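Data file: work-v5.cif. Format and content: mmCIF, C-alpha atoms.
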```
data_target
loop_
_atom_site.label_atom_id
_atom_site.label_comp_id
_atom_site.auth_asym_id
_atom_site.auth_seq_id
_atom_site.Cartn_x
_atom_site.Cartn_y
_atom_site.Cartn_z
CA MET A 1 25.62 19.40 10.13
CA ASN A 2 22.40 21.00 8.95
CA TYR A 3 22.01 23.82 11.42
CA GLY A 4 19.22 26.16 10.56
CA ILE A 5 17.26 23.77 8.35
CA PRO A 6 14.46 22.00 10.21
CA ILE A 7 13.50 18.49 9.16
CA GLN A 8 10.06 19.73 8.13
CA TYR A 9 11.56 21.58 5.16
CA PHE A 10 12.91 18.35 3.73
CA LEU A 11 9.61 16.57 4.30
CA VAL A 12 7.54 19.34 2.70
CA LEU A 13 9.89 19.38 -0.28
CA ALA A 14 9.54 15.61 -0.68
CA THR A 15 5.76 15.91 -0.37
CA ILE A 16 5.57 18.46 -3.19
CA MET A 17 7.79 16.28 -5.38
CA PHE A 18 5.71 13.18 -4.58
CA PHE A 19 2.43 14.83 -5.52
CA ALA A 20 3.93 16.32 -8.68
CA GLY A 21 4.69 12.70 -9.57
CA VAL A 22 1.15 11.64 -8.69
CA TYR A 23 -0.26 14.42 -10.88
CA GLY A 24 1.91 13.30 -13.79
CA PHE A 25 0.93 9.68 -13.25
CA LEU A 26 -2.76 10.63 -13.46
CA THR A 27 -2.63 13.00 -16.44
CA ARG A 28 0.02 11.55 -18.74
CA ARG A 29 -0.83 9.08 -21.47
CA ASN A 30 2.58 8.28 -22.83
CA LEU A 31 4.15 5.24 -21.17
CA ILE A 32 7.61 6.81 -20.87
CA THR A 33 6.29 9.93 -19.14
CA ILE A 34 4.36 7.70 -16.74
CA LEU A 35 7.64 5.93 -15.99
CA MET A 36 9.27 9.31 -15.34
CA SER A 37 6.51 10.21 -12.87
CA VAL A 38 7.16 6.95 -11.03
CA GLU A 39 10.85 7.85 -10.83
CA LEU A 40 9.89 11.21 -9.29
CA ILE A 41 7.77 9.46 -6.67
CA LEU A 42 10.54 7.00 -5.76
CA ASN A 43 13.06 9.81 -5.53
CA SER A 44 10.92 11.85 -3.15
CA VAL A 45 10.56 8.80 -0.90
CA ASN A 46 14.36 8.51 -0.83
CA ILE A 47 14.67 12.11 0.37
CA ASN A 48 12.24 11.30 3.18
CA PHE A 49 14.20 8.24 4.26
CA LEU A 50 17.47 10.13 4.35
CA ALA A 51 16.06 13.13 6.21
CA PHE A 52 14.54 10.88 8.87
CA ASN A 53 17.78 8.94 9.16
CA ARG A 54 19.95 12.02 9.50
CA TYR A 55 17.77 14.08 11.82
CA LEU A 56 16.01 11.57 14.05
CA TYR A 57 18.25 8.47 14.17
CA PRO A 58 21.77 9.59 13.27
CA HIS A 59 23.35 6.64 15.09
CA GLN A 60 21.77 4.11 12.72
CA LEU A 61 22.01 3.45 9.01
CA GLU A 62 18.56 2.01 8.21
CA GLY A 63 17.35 4.93 6.10
CA MET A 64 20.51 5.02 4.02
CA PHE A 65 20.42 1.32 3.21
CA PHE A 66 16.72 1.43 2.51
CA SER A 67 17.16 4.20 -0.03
CA LEU A 68 20.12 2.31 -1.52
CA PHE A 69 17.81 -0.65 -2.08
CA VAL A 70 15.07 1.63 -3.42
CA ILE A 71 17.54 2.98 -5.98
CA ALA A 72 18.45 -0.57 -7.03
CA VAL A 73 14.78 -1.54 -7.37
CA ALA A 74 14.10 1.63 -9.36
CA ALA A 75 16.97 0.86 -11.72
CA SER A 76 15.81 -2.69 -12.42
CA GLU A 77 12.23 -1.50 -12.75
CA ALA A 78 13.27 1.11 -15.32
CA ALA A 79 15.23 -1.49 -17.31
CA VAL A 80 12.33 -3.96 -17.46
CA ALA A 81 9.75 -1.24 -18.10
CA ILE A 82 11.72 0.19 -21.00
CA ALA A 83 12.17 -3.29 -22.49
CA ILE A 84 8.41 -3.79 -22.30
CA ILE A 85 7.77 -0.32 -23.75
CA ILE A 86 10.05 -0.99 -26.72
CA ASN A 87 8.32 -4.31 -27.29
CA ILE A 88 4.91 -2.63 -27.18
CA TYR A 89 6.14 -0.03 -29.66
CA ARG A 90 7.30 -2.79 -31.99
CA ARG A 91 3.90 -4.42 -31.90
CA PHE A 92 1.54 -1.44 -31.91
CA THR A 93 3.83 1.38 -33.24
CA THR A 94 2.57 3.57 -30.42
CA ILE A 95 3.18 3.80 -26.69
CA ASN A 96 0.03 5.70 -25.87
CA VAL A 97 -1.71 3.84 -23.07
CA GLU A 98 -5.12 4.42 -24.57
CA ASP A 99 -4.24 2.78 -27.88
CA VAL A 100 -2.70 -0.31 -26.35
CA ASP A 101 -5.76 -2.28 -25.35
CA GLU A 102 -5.51 -5.59 -27.13
CA MET A 103 -5.36 -7.65 -23.96
CA LYS A 104 -8.51 -6.08 -22.55
CA PHE A 105 -11.84 -7.87 -22.62
CA MET B 1 21.68 33.57 6.24
CA ALA B 2 24.14 30.73 6.37
CA LEU B 3 25.57 29.21 3.22
CA ASN B 4 23.88 25.86 3.73
CA GLN B 5 20.47 27.55 3.95
CA ILE B 6 21.11 29.33 0.67
CA MET B 7 22.15 26.03 -0.92
CA PHE B 8 19.06 24.32 0.45
CA ILE B 9 16.79 27.01 -0.94
CA LEU B 10 18.51 26.78 -4.32
CA PHE B 11 18.25 23.00 -4.51
CA SER B 12 14.67 22.85 -3.28
CA ALA B 13 13.56 25.59 -5.67
CA MET B 14 15.16 23.69 -8.52
CA ILE B 15 13.50 20.44 -7.43
CA ILE B 16 10.04 21.96 -7.10
CA VAL B 17 10.14 23.95 -10.34
CA PHE B 18 11.63 21.18 -12.46
CA SER B 19 9.51 18.39 -11.03
CA ILE B 20 6.37 20.37 -11.83
CA LEU B 21 7.74 21.13 -15.30
CA THR B 22 8.53 17.44 -15.80
CA VAL B 23 4.90 16.47 -15.41
CA THR B 24 3.40 19.44 -17.25
CA THR B 25 5.62 20.07 -20.28
CA ARG B 26 4.25 18.93 -23.59
CA ARG B 27 7.53 17.96 -25.22
CA ILE B 28 8.75 14.57 -24.09
CA LEU B 29 12.48 15.15 -24.50
CA ARG B 30 12.26 18.29 -22.39
CA ALA B 31 10.47 16.31 -19.72
CA ALA B 32 13.42 13.92 -19.62
CA VAL B 33 15.93 16.77 -19.31
CA PHE B 34 13.90 18.38 -16.50
CA LEU B 35 13.85 15.02 -14.75
CA LEU B 36 17.64 14.99 -15.03
CA PHE B 37 17.80 18.40 -13.30
CA VAL B 38 15.55 17.13 -10.51
CA LEU B 39 17.73 14.08 -9.94
CA VAL B 40 20.96 16.11 -9.93
CA SER B 41 19.59 18.59 -7.38
CA THR B 42 18.40 15.66 -5.28
CA SER B 43 21.94 14.37 -5.16
CA GLY B 44 22.96 17.87 -4.04
CA LEU B 45 20.54 17.48 -1.14
CA TYR B 46 22.13 14.14 -0.28
CA PHE B 47 25.51 15.85 -0.16
CA MET B 48 24.01 18.43 2.20
CA LEU B 49 22.76 15.64 4.46
CA ASN B 50 26.30 14.19 4.52
CA TYR B 51 25.51 11.01 2.62
CA GLN B 52 28.33 11.25 0.12
CA PHE B 53 28.17 7.64 -1.01
CA LEU B 54 24.46 7.79 -1.70
CA ALA B 55 24.85 11.09 -3.55
CA ALA B 56 27.46 9.50 -5.79
CA VAL B 57 25.17 6.51 -6.38
CA GLN B 58 22.33 8.87 -7.21
CA LEU B 59 24.47 10.76 -9.70
CA THR B 60 25.85 7.72 -11.48
CA LEU B 61 22.83 5.45 -11.37
CA TYR B 62 19.91 7.84 -11.72
CA ALA B 63 21.36 10.79 -13.58
CA GLY B 64 23.85 8.75 -15.54
CA GLY B 65 21.98 5.51 -16.07
CA ILE B 66 18.23 5.77 -15.89
CA VAL B 67 17.90 9.15 -17.58
CA VAL B 68 20.14 8.05 -20.44
CA LEU B 69 18.03 4.89 -20.78
CA ILE B 70 14.84 6.98 -20.82
CA ILE B 71 16.25 9.40 -23.40
CA PHE B 72 17.32 6.49 -25.61
CA SER B 73 13.88 4.96 -25.48
CA ILE B 74 12.30 8.34 -26.21
CA LEU B 75 14.47 8.68 -29.30
CA LEU B 76 13.52 5.16 -30.37
CA THR B 77 9.80 5.52 -29.89
CA SER B 78 8.75 9.08 -30.65
CA HIS B 79 9.60 12.03 -32.81
CA ILE B 80 11.76 14.62 -31.06
CA SER B 81 9.68 17.63 -32.00
CA GLN B 82 6.42 15.85 -31.35
CA LYS B 83 4.07 17.65 -28.96
CA PHE B 84 1.45 15.90 -26.87
CA GLU B 85 -2.06 17.16 -27.19
CA SER B 86 -2.90 18.50 -23.78
CA PRO B 87 -4.98 16.13 -21.64
CA GLY B 88 -8.63 17.02 -21.27
CA ILE B 89 -9.47 19.91 -19.00
CA LYS B 90 -11.61 17.67 -16.80
CA LYS B 91 -8.73 15.24 -16.30
CA VAL B 92 -6.32 18.07 -15.46
CA ILE B 93 -8.71 19.62 -12.95
CA PHE B 94 -9.48 16.39 -11.14
CA SER B 95 -5.86 15.22 -11.07
CA ALA B 96 -4.66 18.61 -9.84
CA LEU B 97 -7.40 18.57 -7.21
CA ALA B 98 -6.37 15.12 -5.99
CA ALA B 99 -2.68 16.06 -5.92
CA PHE B 100 -3.36 19.37 -4.14
CA ALA B 101 -5.62 17.76 -1.56
CA GLY B 102 -3.07 15.05 -0.83
CA ALA B 103 -0.19 17.53 -0.67
CA ILE B 104 -2.01 19.92 1.66
CA LEU B 105 -3.13 17.09 3.93
CA SER B 106 0.41 15.71 4.17
CA ILE B 107 1.98 19.14 4.69
CA ILE B 108 -0.46 20.01 7.48
CA THR B 109 0.29 16.68 9.16
CA ILE B 110 4.05 17.19 8.83
CA LEU B 111 3.96 20.73 10.24
CA ASP B 112 1.72 19.60 13.07
CA TYR B 113 3.82 16.68 14.24
CA GLN B 114 6.47 17.12 16.89
CA PHE B 115 9.60 15.32 15.74
CA SER B 116 11.92 14.27 18.54
CA ALA B 117 15.47 13.26 17.76
CA THR B 118 17.41 10.69 19.74
CA ALA B 119 20.18 11.98 21.93
CA GLU B 120 22.72 9.45 20.69
CA ALA B 121 25.79 10.67 18.89
CA ALA B 122 25.84 10.64 15.12
CA LYS B 123 27.73 7.87 13.41
CA ALA B 124 30.40 8.82 10.91
CA ILE B 125 29.63 7.11 7.62
CA ASP B 126 32.56 5.98 5.57
CA MET B 127 32.87 3.43 2.80
CA LYS B 128 34.35 0.82 5.12
CA LEU B 129 31.32 0.95 7.40
CA ILE B 130 28.91 0.74 4.46
CA GLY B 131 30.68 -2.25 2.96
CA ARG B 132 30.94 -4.05 6.29
CA SER B 133 27.27 -3.49 7.13
CA LEU B 134 26.17 -4.69 3.69
CA LEU B 135 27.95 -8.01 4.17
CA SER B 136 27.50 -8.49 7.88
CA VAL B 137 25.14 -11.00 9.51
CA GLU B 138 25.35 -9.26 12.89
CA HIS B 139 22.72 -7.02 14.44
CA ASP B 140 23.26 -4.08 12.07
CA GLY B 141 23.96 -6.21 9.03
CA TYR B 142 22.11 -6.12 5.74
CA VAL B 143 23.31 -9.28 4.05
CA LEU B 144 19.81 -10.70 3.45
CA PRO B 145 18.39 -7.68 1.56
CA PHE B 146 21.72 -7.46 -0.25
CA GLU B 147 21.36 -11.04 -1.51
CA VAL B 148 17.70 -10.49 -2.39
CA ILE B 149 18.53 -7.37 -4.36
CA SER B 150 21.30 -9.17 -6.22
CA VAL B 151 18.85 -11.90 -7.28
CA LEU B 152 16.39 -9.19 -8.30
CA LEU B 153 19.00 -7.43 -10.43
CA LEU B 154 19.92 -10.71 -12.14
CA ALA B 155 16.25 -11.44 -12.82
CA ALA B 156 15.68 -7.93 -14.16
CA MET B 157 18.69 -8.21 -16.45
CA ILE B 158 17.55 -11.55 -17.90
CA ALA B 159 13.99 -10.30 -18.18
CA ALA B 160 15.03 -7.14 -20.02
CA ILE B 161 17.06 -9.17 -22.53
CA VAL B 162 14.29 -11.74 -23.08
CA VAL B 163 11.53 -9.16 -23.41
CA ALA B 164 13.35 -6.76 -25.71
CA LYS B 165 14.86 -9.51 -27.87
CA LYS B 166 13.79 -9.50 -31.50
CA ALA B 167 11.28 -12.15 -32.46
CA GLY B 168 12.45 -15.21 -34.36
CA PRO B 169 11.62 -16.02 -38.01
CA ASN B 170 7.95 -15.47 -37.31
CA LYS B 171 8.17 -11.70 -36.84
CA SER B 172 4.59 -11.13 -35.84
CA GLU B 173 4.82 -13.23 -32.71
CA LEU B 174 6.11 -12.03 -29.39
CA PRO B 175 9.46 -13.51 -28.44
CA THR B 176 9.08 -16.54 -26.23
CA ILE B 177 11.57 -18.65 -24.36
CA LYS B 178 12.26 -21.83 -26.28
CA GLN B 179 11.06 -24.95 -24.52
CA GLU B 180 13.26 -27.99 -24.51
#
```

Translate this file's structure into C-alpha cells.
Amino acid sequence: MNYGIPIQYFLVLATIMFFAGVYGFLTRRNLITILMSVELILNSVNINFLAFNRYLYPHQLEGMFFSLFVIAVAASEAAVAIAIIINIYRRFTTINVEDVDEMKF
Amino acid sequence: MALNQIMFILFSAMIIVFSILTVTTRRILRAAVFLLFVLVSTSGLYFMLNYQFLAAVQLTLYAGGIVVLIIFSILLTSHISQKFESPGIKKVIFSALAAFAGAILSIITILDYQFSATAEAAKAIDMKLIGRSLLSVEHDGYVLPFEVISVLLLAAMIAAIVVAKKAGPNKSELPTIKQE
C-alpha cells in the first residue's frame, strides 16, 4: 500500500490546499474565481476523507462514499452557481461582487 | 527512496504550487487551467491511495466537467486577456495572515496528534462492492444518501435550466416560473 508515507503528509497537504482556497475566497472579487476557491476547499476535504479511510479504517468504506457524495454536491453546486453567475452577468454586465449590490439595503 | 514516495512528492508539489497560483494569478483563464492541474494531481493521489473508482470519478467529473463549465462561463463573461487589478495591500495582508494562522494551527495539531489505525484487514474495493453498498439497505448500505443525492441532482438540473433560461418577451425582467 502506501509504505513510507505517513498519514500526516496527506493531512498537511490537504491543510495547505484548504487554506489556499480560504485565501482566494477572501481576496478575490470575481464570482467565478470565488467559485474556484470553493472547489479547492471541497477537494482538500476529499483528500482528508480518503486518507483517513485508507490509513485508519481500511475495513470500512465511509470515507470513500462521503467523498463521492461531496463530489456530487460540488458538481450540482457548480452548475447552479454558474447559472446564477451568467444571469447576474446578463443583468449587470459584470460579475464583480462589489458592483452587484442591487438587493442590498 | 521508493517510487511511491517520489510520486507523492511530485503530486503534492504540483498541488501546493498550482493551488497557490490558482488563488494568486491575475489572469482568470490561467487560474482555471491551474485549477485543472490541481484536480488532476489530486486524482493521482487517489490512485496512490488505491481508490481507482474515485480517481476516475474525479478525472471525469471535476477535471472533465466542472473545469470545462468554469472555462465556458469565463469565456462568456470576461475578456480572455483581461487582468484583475490586484486587491488592496491591506486585504492581501489580512487574508494571508488569517490563512497562515489557520494553516499553522492545523498543521501543529495534525503533527501533534497520535493517529492509531485499526488492526482489521483492509477491504479490497472493486466496482461490485461499491455498487452493492450504494444500493444496499443493510448495515453498510448507503441507499438513503444515494436517493437524497439523486433528488439533489434533479433539483440542481431543473434549477440551472430555470435560472439560466432567457427571459420572456419582457427582457428586462428576471425569468420566473409561470403560474397556472

| field | Nearest to chain B by atom-to-atom distance, counting all atoms listed in the file, from A:Asp99, A:Ala75, A:Val38, A:Phe49 | value |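 Counting all atoms listed in the file, the residue closest to chain B is A:Ala75.
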
| field | Distance-based interface of chain A with chain B, 6 Å, counting only C-alpha atoms, as a list of chain:residue names | value | A:Val12, A:Phe19, A:Ala20, A:Tyr23, A:Gly24, A:Leu56, A:Pro58, A:His59, A:Ser76, A:Val80, A:Ala83, A:Asn87

| field | Near-Ser44 in chain A list (7 Å; all atoms listed in the file; drop same-chain fewer than 3 positions) as a list of chain:residue names | value |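 Here the answer would be A:Ala14, A:Met17, A:Phe18, A:Leu40, A:Ile41, A:Ile47, A:Asn48.
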
Take the residues just selected and output them with C-alpha atoms as a compact mmCIF listing (two decimals), in the coordinates of the input.
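Now in result_14.txt:
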```
# COMPACT_ATOMS: atom_id res chain seq x y z
CA ALA A 14 9.54 15.61 -0.68
CA MET A 17 7.79 16.28 -5.38
CA PHE A 18 5.71 13.18 -4.58
CA LEU A 40 9.89 11.21 -9.29
CA ILE A 41 7.77 9.46 -6.67
CA ILE A 47 14.67 12.11 0.37
CA ASN A 48 12.24 11.30 3.18
```

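For the residues A:Met36, A:Phe25, A:Leu11, A:Leu31, ranking by smallest atom-to-atom distance to Leu36 in chain B using only C-alpha atoms places A:Met36 first.
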
| field | Distance in Å - CA of Phe47 in chain B versus CA of Ser37 in chain A | value |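 About the pair CA of Phe47 in chain B and CA of Ser37 in chain A: they are 23.5 Å apart.
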
| request: Determine the residue set returned by the PyMOL selection byres ((chain A and resi 64) around 10) for the present structure, and present it as a ChimeraX atom specification. | output: /A:46-47,49-54,60-63,65-70 /B:51,53-54,130

| note | The distance between CA of Leu59 in chain B and CA of Ala72 in chain A is 13.1 Å

| Separation of CA of Val100 in chain A from CA of Gln82 in chain B in Å |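 So the answer is 19.2 Å.
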